[in-house]
Every structure is written in C-alpha cells, then in structure tokens.
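> One file is attached below, query-v8.pdb, containing PDB, C-alpha atoms.
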ATOM      1  CA  GLY A   1     108.406 110.727 154.820
ATOM      2  CA  ALA A   2     108.602 114.370 155.793
ATOM      3  CA  VAL A   3     108.975 115.545 159.388
ATOM      4  CA  ARG A   4     106.640 118.372 160.389
ATOM      5  CA  ILE A   5     107.872 121.087 162.754
ATOM      6  CA  LEU A   6     105.287 123.596 163.963
ATOM      7  CA  HIS A   7     106.272 127.242 164.194
ATOM      8  CA  GLY A   8     107.456 128.208 167.668
ATOM      9  CA  ASN A   9     105.071 131.171 167.829
ATOM     10  CA  ALA A  10     102.015 128.919 167.707
ATOM     11  CA  SER A  11      98.427 130.151 167.755
ATOM     12  CA  CYS A  12      96.176 129.461 170.747
ATOM     13  CA  SER A  13      92.519 128.523 171.033
ATOM     14  CA  TRP A  14      89.939 128.812 173.768
ATOM     15  CA  PRO A  15      86.706 126.793 174.086
ATOM     16  CA  GLY A  16      83.310 128.400 173.587
ATOM     17  CA  GLY A  17      82.562 131.902 172.381
ATOM     18  CA  PRO A  18      80.920 133.281 169.222
ATOM     19  CA  GLY A  19      83.877 132.203 167.084
ATOM     20  CA  HIS A  20      82.397 128.687 166.875
ATOM     21  CA  LEU A  21      79.499 128.202 164.476
ATOM     22  CA  LEU A  22      77.687 125.786 166.792
ATOM     23  CA  ASN A  23      77.677 128.437 169.520
ATOM     24  CA  GLN A  24      76.263 130.945 167.042
ATOM     25  CA  VAL A  25      73.410 128.748 165.826
ATOM     26  CA  ALA A  26      72.557 127.645 169.371
ATOM     27  CA  GLU A  27      71.014 131.103 169.863
ATOM     28  CA  ASP A  28      69.045 130.944 166.606
ATOM     29  CA  PRO A  29      65.221 130.811 167.082
ATOM     30  CA  CYS A  30      64.866 128.072 164.448
ATOM     31  CA  VAL A  31      67.423 125.867 166.206
ATOM     32  CA  LYS A  32      65.848 126.456 169.610
ATOM     33  CA  GLN A  33      62.424 125.456 168.287
ATOM     34  CA  GLY A  34      63.869 122.340 166.698
ATOM     35  CA  LEU A  35      65.443 121.339 170.014
ATOM     36  CA  GLU A  36      62.157 121.879 171.847
ATOM     37  CA  ASP A  37      60.320 119.747 169.271
ATOM     38  CA  ARG A  38      63.114 117.144 169.184
ATOM     39  CA  ASN A  39      63.164 117.619 165.409
ATOM     40  CA  ILE A  40      66.585 118.100 163.815
ATOM     41  CA  HIS A  41      64.907 118.915 160.483
ATOM     42  CA  HIS A  42      62.891 121.878 161.782
ATOM     43  CA  PRO A  43      61.265 123.927 160.208
ATOM     44  CA  PHE A  44      60.477 120.865 158.085
ATOM     45  CA  ALA A  45      58.331 118.123 159.597
ATOM     46  CA  ASP A  46      60.818 115.286 159.072
ATOM     47  CA  LYS A  47      63.622 114.065 156.839
ATOM     48  CA  ILE A  48      61.253 113.116 154.011
ATOM     49  CA  GLU A  49      59.842 116.642 153.877
ATOM     50  CA  TYR A  50      63.343 118.082 154.101
ATOM     51  CA  ASP A  51      64.455 115.919 151.150
ATOM     52  CA  VAL A  52      61.497 117.129 149.059
ATOM     53  CA  ALA A  53      62.279 120.750 149.944
ATOM     54  CA  SER A  54      65.975 120.297 149.178
ATOM     55  CA  TRP A  55      65.220 118.750 145.794
ATOM     56  CA  LEU A  56      62.774 121.505 144.844
ATOM     57  CA  GLU A  57      65.184 124.254 145.837
ATOM     58  CA  THR A  58      68.149 122.796 143.951
ATOM     59  CA  SER A  59      66.262 121.470 140.913
ATOM     60  CA  GLY A  60      66.410 124.690 138.899
ATOM     61  CA  LEU A  61      62.617 124.737 138.562
ATOM     62  CA  SER A  62      60.875 128.093 138.357
ATOM     63  CA  ASP A  63      58.510 129.103 141.164
ATOM     64  CA  ALA A  64      55.574 128.460 138.823
ATOM     65  CA  SER A  65      56.799 124.910 138.152
ATOM     66  CA  LYS A  66      57.300 124.311 141.870
ATOM     67  CA  ASP A  67      53.730 125.450 142.495
ATOM     68  CA  GLU A  68      52.475 123.035 139.832
ATOM     69  CA  PHE A  69      54.401 120.198 141.478
ATOM     70  CA  LEU A  70      52.997 121.044 144.905
ATOM     71  CA  LYS A  71      49.454 120.981 143.481
ATOM     72  CA  LEU A  72      49.748 117.348 142.359
ATOM     73  CA  ASP A  73      47.249 115.035 144.079
ATOM     74  CA  TYR A  74      50.049 112.706 145.148
ATOM     75  CA  VAL A  75      51.900 115.551 146.859
ATOM     76  CA  HIS A  76      48.704 116.795 148.522
ATOM     77  CA  GLY A  77      48.198 113.326 149.918
ATOM     78  CA  HIS A  78      51.470 113.554 151.840
ATOM     79  CA  THR A  79      50.549 116.795 153.648
ATOM     80  CA  LEU A  80      53.653 118.929 153.326
ATOM     81  CA  SER A  81      53.928 121.916 155.650
ATOM     82  CA  PHE A  82      54.437 124.188 152.617
ATOM     83  CA  LYS A  83      51.888 124.428 149.794
ATOM     84  CA  THR A  84      53.587 126.925 147.471
ATOM     85  CA  ALA A  85      57.053 127.965 146.367
ATOM     86  CA  ARG A  86      56.660 131.128 148.438
ATOM     87  CA  GLU A  87      55.920 129.135 151.592
ATOM     88  CA  LEU A  88      58.919 126.912 150.860
ATOM     89  CA  ARG A  89      61.102 130.005 150.541
ATOM     90  CA  ALA A  90      59.772 131.283 153.886
ATOM     91  CA  HIS A  91      60.798 127.994 155.523
ATOM     92  CA  ILE A  92      64.287 128.277 154.054
ATOM     93  CA  GLU A  93      64.641 131.917 155.099
ATOM     94  CA  SER A  94      63.900 130.909 158.708
ATOM     95  CA  LEU A  95      66.938 128.605 158.822
ATOM     96  CA  PRO A  96      70.121 129.784 160.613
ATOM     97  CA  LYS A  97      71.658 132.614 158.642
ATOM     98  CA  THR A  98      74.790 132.454 156.547
ATOM     99  CA  PRO A  99      76.654 135.603 155.391
ATOM    100  CA  LYS A 100      74.135 137.875 153.648
ATOM    101  CA  TRP A 101      74.006 138.580 149.940
ATOM    102  CA  HIS A 102      74.161 142.225 148.875
ATOM    103  CA  HIS A 103      73.105 143.769 145.575
ATOM    104  CA  LEU A 104      74.640 146.779 143.852
ATOM    105  CA  VAL A 105      73.748 148.239 140.435
ATOM    106  CA  PHE A 106      76.134 150.729 138.847
ATOM    107  CA  GLU A 107      77.141 152.352 135.581
ATOM    108  CA  ILE A 108      80.663 153.296 134.485
ATOM    109  CA  PRO A 109      80.892 156.778 132.892
ATOM    110  CA  GLY A 110      81.982 156.535 129.270
ATOM    111  CA  TYR A 111      81.103 152.850 128.919
ATOM    112  CA  LYS A 112      77.562 152.198 127.744
ATOM    113  CA  THR A 113      75.909 148.844 128.363
ATOM    114  CA  GLU A 114      72.532 147.532 127.242
ATOM    115  CA  GLU A 115      71.608 147.113 130.899
ATOM    116  CA  PRO A 116      73.162 148.464 134.105
ATOM    117  CA  ILE A 117      75.876 146.264 135.561
ATOM    118  CA  ALA A 118      74.661 144.291 138.568
ATOM    119  CA  MET A 119      76.983 143.021 141.268
ATOM    120  CA  TYR A 120      75.913 140.469 143.871
ATOM    121  CA  PHE A 121      78.344 139.960 146.709
ATOM    122  CA  LYS A 122      78.957 138.910 150.267
ATOM    123  CA  HIS A 123      81.338 140.822 152.504
ATOM    124  CA  GLY A 124      84.673 139.034 152.440
ATOM    125  CA  LEU A 125      85.319 139.174 156.189
ATOM    126  CA  ASP A 126      81.878 137.674 156.865
ATOM    127  CA  VAL A 127      82.629 134.767 154.512
ATOM    128  CA  ILE A 128      86.044 134.090 156.046
ATOM    129  CA  ALA A 129      84.684 134.317 159.603
ATOM    130  CA  SER A 130      81.938 131.842 158.693
ATOM    131  CA  GLN A 131      84.405 129.363 157.187
ATOM    132  CA  PHE A 132      86.781 129.699 160.132
ATOM    133  CA  ALA A 133      83.955 129.074 162.620
ATOM    134  CA  ASN A 134      82.520 126.045 160.795
ATOM    135  CA  PRO A 135      83.426 122.767 162.579
ATOM    136  CA  ILE A 136      83.043 120.818 159.324
ATOM    137  CA  PHE A 137      86.605 121.977 158.515
ATOM    138  CA  ALA A 138      88.033 121.072 161.948
ATOM    139  CA  ASN A 139      90.074 118.133 160.654
ATOM    140  CA  CYS A 140      91.293 119.761 157.447
ATOM    141  CA  ILE A 141      92.529 123.188 158.523
ATOM    142  CA  ASP A 142      95.885 124.494 159.786
ATOM    143  CA  TYR A 143      96.009 127.052 162.592
ATOM    144  CA  THR A 144      99.783 127.486 162.833
ATOM    145  CA  ALA A 145     102.506 127.814 160.206
ATOM    146  CA  TYR A 146     104.897 124.878 159.943
ATOM    147  CA  ARG A 147     107.793 123.393 158.020
ATOM    148  CA  ASP A 148     107.775 119.956 156.409
ATOM    149  CA  ILE A 149     111.358 118.714 156.202
ATOM    150  CA  ARG A 150     112.566 115.791 154.123
ATOM    151  CA  GLY A 151     116.275 115.059 154.089
ATOM    152  CA  ASP A 152     118.148 118.365 153.856
ATOM    153  CA  GLY A 153     115.320 120.421 152.369
ATOM    154  CA  TYR A 154     111.827 121.766 152.858
ATOM    155  CA  VAL A 155     108.703 120.277 151.318
ATOM    156  CA  TRP A 156     106.042 122.824 150.377
ATOM    157  CA  GLY A 157     102.385 121.907 150.132
ATOM    158  CA  GLU A 158      99.568 123.693 151.934
ATOM    159  CA  PHE A 159      99.544 127.466 152.446
ATOM    160  CA  MET A 160     100.715 127.276 156.059
ATOM    161  CA  SER A 161     103.884 125.447 154.978
ATOM    162  CA  ALA A 162     104.919 128.325 152.705
ATOM    163  CA  ASP A 163     107.778 130.753 153.369
ATOM    164  CA  LEU A 164     105.297 133.659 153.448
ATOM    165  CA  ALA A 165     103.134 132.023 156.115
ATOM    166  CA  ASN A 166     106.172 131.330 158.290
ATOM    167  CA  HIS A 167     107.517 134.871 157.854
ATOM    168  CA  ILE A 168     104.164 136.385 158.864
ATOM    169  CA  GLN A 169     103.879 133.984 161.820
ATOM    170  CA  ASN A 170     107.184 135.439 163.076
ATOM    171  CA  ARG A 171     105.548 138.856 163.407
ATOM    172  CA  LEU A 172     102.306 137.818 165.099
ATOM    173  CA  ARG A 173     101.701 138.514 168.752
ATOM    174  CA  ALA A 174     101.643 135.500 171.073
ATOM    175  CA  GLY A 175      98.553 133.357 170.499
ATOM    176  CA  GLU A 176      97.364 135.102 167.324
ATOM    177  CA  THR A 177      96.275 133.061 164.293
ATOM    178  CA  LEU A 178      97.266 133.782 160.704
ATOM    179  CA  LEU A 179      94.382 133.506 158.225
ATOM    180  CA  GLY A 180      95.307 133.444 154.557
ATOM    181  CA  ILE A 181      92.923 134.302 151.724
ATOM    182  CA  ILE A 182      92.860 132.523 148.369
ATOM    183  CA  THR A 183      91.005 134.051 145.419
ATOM    184  CA  SER A 184      89.941 132.919 141.958
ATOM    185  CA  SER A 185      87.731 134.099 139.116
ATOM    186  CA  ASP A 186      86.277 132.671 135.927
ATOM    187  CA  LYS A 187      83.520 133.462 133.439
ATOM    188  CA  THR A 188      80.364 131.455 134.143
ATOM    189  CA  PRO A 189      77.275 131.187 131.900
ATOM    190  CA  LEU A 190      73.819 131.631 133.420
ATOM    191  CA  THR A 191      71.454 129.286 131.639
ATOM    192  CA  VAL A 192      68.200 129.435 133.626
ATOM    193  CA  GLY A 193      65.849 132.348 132.988
ATOM    194  CA  THR A 194      68.543 134.909 132.136
ATOM    195  CA  GLY A 195      68.678 134.932 128.339
ATOM    196  CA  ASN A 196      72.081 133.216 128.371
ATOM    197  CA  LYS A 197      73.761 136.012 130.275
ATOM    198  CA  GLN A 198      77.174 135.567 131.822
ATOM    199  CA  MET A 199      78.659 136.417 135.185
ATOM    200  CA  TYR A 200      82.215 136.840 136.345
ATOM    201  CA  PRO A 201      82.346 135.514 139.921
ATOM    202  CA  PHE A 202      85.256 136.557 142.116
ATOM    203  CA  LEU A 203      85.598 133.798 144.684
ATOM    204  CA  LEU A 204      87.517 133.847 147.927
ATOM    205  CA  GLY A 205      88.145 131.282 150.600
ATOM    206  CA  LEU A 206      90.253 130.524 153.632
ATOM    207  CA  ALA A 207      93.724 129.386 152.554
ATOM    208  CA  ASN A 208      94.217 127.562 155.873
ATOM    209  CA  ILE A 209      91.729 124.915 154.690
ATOM    210  CA  HIS A 210      93.509 122.070 152.926
ATOM    211  CA  GLY A 211      93.548 122.325 149.152
ATOM    212  CA  ALA A 212      92.040 118.864 148.626
ATOM    213  CA  VAL A 213      88.841 120.094 150.280
TER
END
Go ahead and express the file in the form of structure tokens.

Amino acid sequence: GAVRILHGNASCSWPGGPGHLLNQVAEDPCVKQGLEDRNIHHPFADKIEYDVASWLETSGLSDASKDEFLKLDYVHGHTLSFKTARELRAHIESLPKTPKWHHLVFEIPGYKTEEPIAMYFKHGLDVIASQFANPIFANCIDYTAYRDIRGDGYVWGEFMSADLANHIQNRLRAGETLLGIITSSDKTPLTVGTGNKQMYPFLLGLANIHGAV
C-alpha cells in the first residue's frame, strides 16, 4: 500500500472556542431549554412527534395539505404540540440556526424575461465555516496537506494530497489550516408548485472533506 507523509508545516488545533459547532449550539436558547427539560427532541415533545414533523416537512405537501392532515381525528387523538403547518414552521424556525438564506431579485438590461430573475443564496464563507465546524465530518476530513507514496511515485486522491495543496501549505504561517473549496453546478427542475420552472444551483463545499462523503 501507499505510505502517507504529512506536510512538515502542519496545521494546529486548540480545544473549545466558537469554531466547533457543538460550542455554538450550546449557547442556543432551544438547546438550553432541551437540556433543562431533558428532552433531546425539543422543541418537539418526543421522538414520535419529531418523526411526524420531519415527515411532514420533507413530504413535499403544501401547507394546506399539512393542515388537512393535522385536522384528522387520529392525529388529534395523539395531541401534537403543533396544530397547523404554520405552528410546525415556528417550531422548526426555533431550532439552532444554520447559515441563512438570502433572496435577491434582479433584471439584466437588454435581456427581457417573462419574470424577474430570482436568486436564492447563502454566503459562501458562512457555509464553509459551518461545514468546518461540524463534528459529523471529524473522521472524514483532512487538516494538513500530505503525500501518499507508493514505490517511486506519488499517489493522488483527495484534495489535500494534490500538488496545489502541498504548494499552498508551504506558504502558510505556522499552525494555519488550508481550506479548499469545490464547486459544481447543474440545471435542476422544480416540480412542486412552480409551473415546472428550472433553477441553476451553484453548489460549493469544503474540499478537505473526503470525496466519498
């Protein structure tokens, strides 16, 4: 197999601080209330209610259809803490925050469209900071450039094994961490309540996270 040699100018880490997602959410009012109530599913009453809420939110149902579901006698008999789609949304909005969505409408002079062009986006640095702080990636992320050597040659795989990553690592100050960005884009149809419109998402992620993830 290949022998891995970490770059000599390795990055450093320190425990604690706002750079760790768990430290960020520990100060969130929703998390604090859940700890006081000994309920890891707060603001939902328990796992069953959480599962119902998760299904409703990811089902693709309209708010009107969700309201109809929540009016069923069977559902009423199980006493959910939310009675309408709006109340469900309020519960979800109280959960610890992820990077915010922003909305921008614009027109390009000289190019007429049937409707103004709408762009929904999150700030790139916020997204990368959130991914970097998330402990779910702790075992599948590289913090320092490296070389994989097999026989007389290099083996290239993840971003941090690349020539570029190693060249940049040479120029970093002691202890600093290189974060790479990977981008992609593709046309995606919108099929629910949009009149078959299309969007062109521009996606970005942290290149330090292993590609298999």
> Name the residues that the PyMOL selection byres ((chain A and resi 49-51) around 12) picks from the file above, as a ChimeraX atom specification, using the file's chain letters and numbers.
/A:39-48,52-59,75,78-83,88,91-92
> Set the distance at 12 Å and use only C-alpha atoms: which residues neighbour segment 20-22 of chain A once local chain neighbours fewer than 3 positions away are removed? I'd like the list as number ranges by chain.
A: 13-17, 25-28, 31, 96-98, 129-138
> For this structure, which residues satisfy the selection - the PyMOL selection byres ((chain A and resi 145) around 8) - when it is evaluated on the file as given? I want them as a PyMOL selection string.
chain A and resi 6-7+10+142-144+146-147+160-162+165-166+169+178
> Using all atoms listed in the file, can you tell me which of A:Val155, A:Val105, A:Pro189, A:Arg89 comes closest to Phe121 of chain A?
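So, comparing all the options, the nearest one is A:Val105.
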> Using atom CA of Ala2 of chain A and atom CA of Asp152 of chain A as the two end points, give the distance in Å to one decimal.
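Computing it gives 10.5 Å between the two atoms.
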> Using the chain letters and residue numbers of this document, give as a PDB file with C-alpha atoms, in the coordinates of the input the residues selected by the PyMOL selection byres ((chain A and resi 183) around 8).

ATOM      1  CA  ILE A 181      92.923 134.302 151.724  1.00  0.00           C
ATOM      2  CA  ILE A 182      92.860 132.523 148.369  1.00  0.00           C
ATOM      3  CA  SER A 184      89.941 132.919 141.958  1.00  0.00           C
ATOM      4  CA  SER A 185      87.731 134.099 139.116  1.00  0.00           C
ATOM      5  CA  PHE A 202      85.256 136.557 142.116  1.00  0.00           C
ATOM      6  CA  LEU A 203      85.598 133.798 144.684  1.00  0.00           C
ATOM      7  CA  LEU A 204      87.517 133.847 147.927  1.00  0.00           C
ATOM      8  CA  GLY A 205      88.145 131.282 150.600  1.00  0.00           C
TER       9      GLY A 205
END
> Take atom CA of Asp148 of chain A and atom CA of Gly1 of chain A and report the distance between them in Å, one decimal.
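Atom-to-atom, atom CA of Asp148 of chain A and atom CA of Gly1 of chain A are spaced 9.4 Å apart.
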> Give me, please, the distance in Å between atom CA of Cys140 of chain A and atom CA of Ile209 of chain A, quoted to one decimal.
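Distance between the two atoms: 5.9 Å.
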> So that I can check the surroundings of Trp101 of chain A, please list as a VMD selection string every protein, DNA and RNA residue that reaches within 9 Å of it, counting all atoms listed in the file and ignoring chain neighbours fewer than 3 positions away.
chain A and resid 120 to 123
> Let me make sure I understand: among A:Ile168, A:Ser94, A:Leu206, A:Gly110, which one has the smallest atom-to-atom distance to Gly124 of chain A if we use only C-alpha atoms?
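Smallest distance to Gly124 of chain A is found for A:Leu206.
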> Tell me which of A:Ile149, A:Leu164, A:Met199, A:Leu35 sits closest to Met119 of chain A, counting all atoms listed in the file.
A:Met199
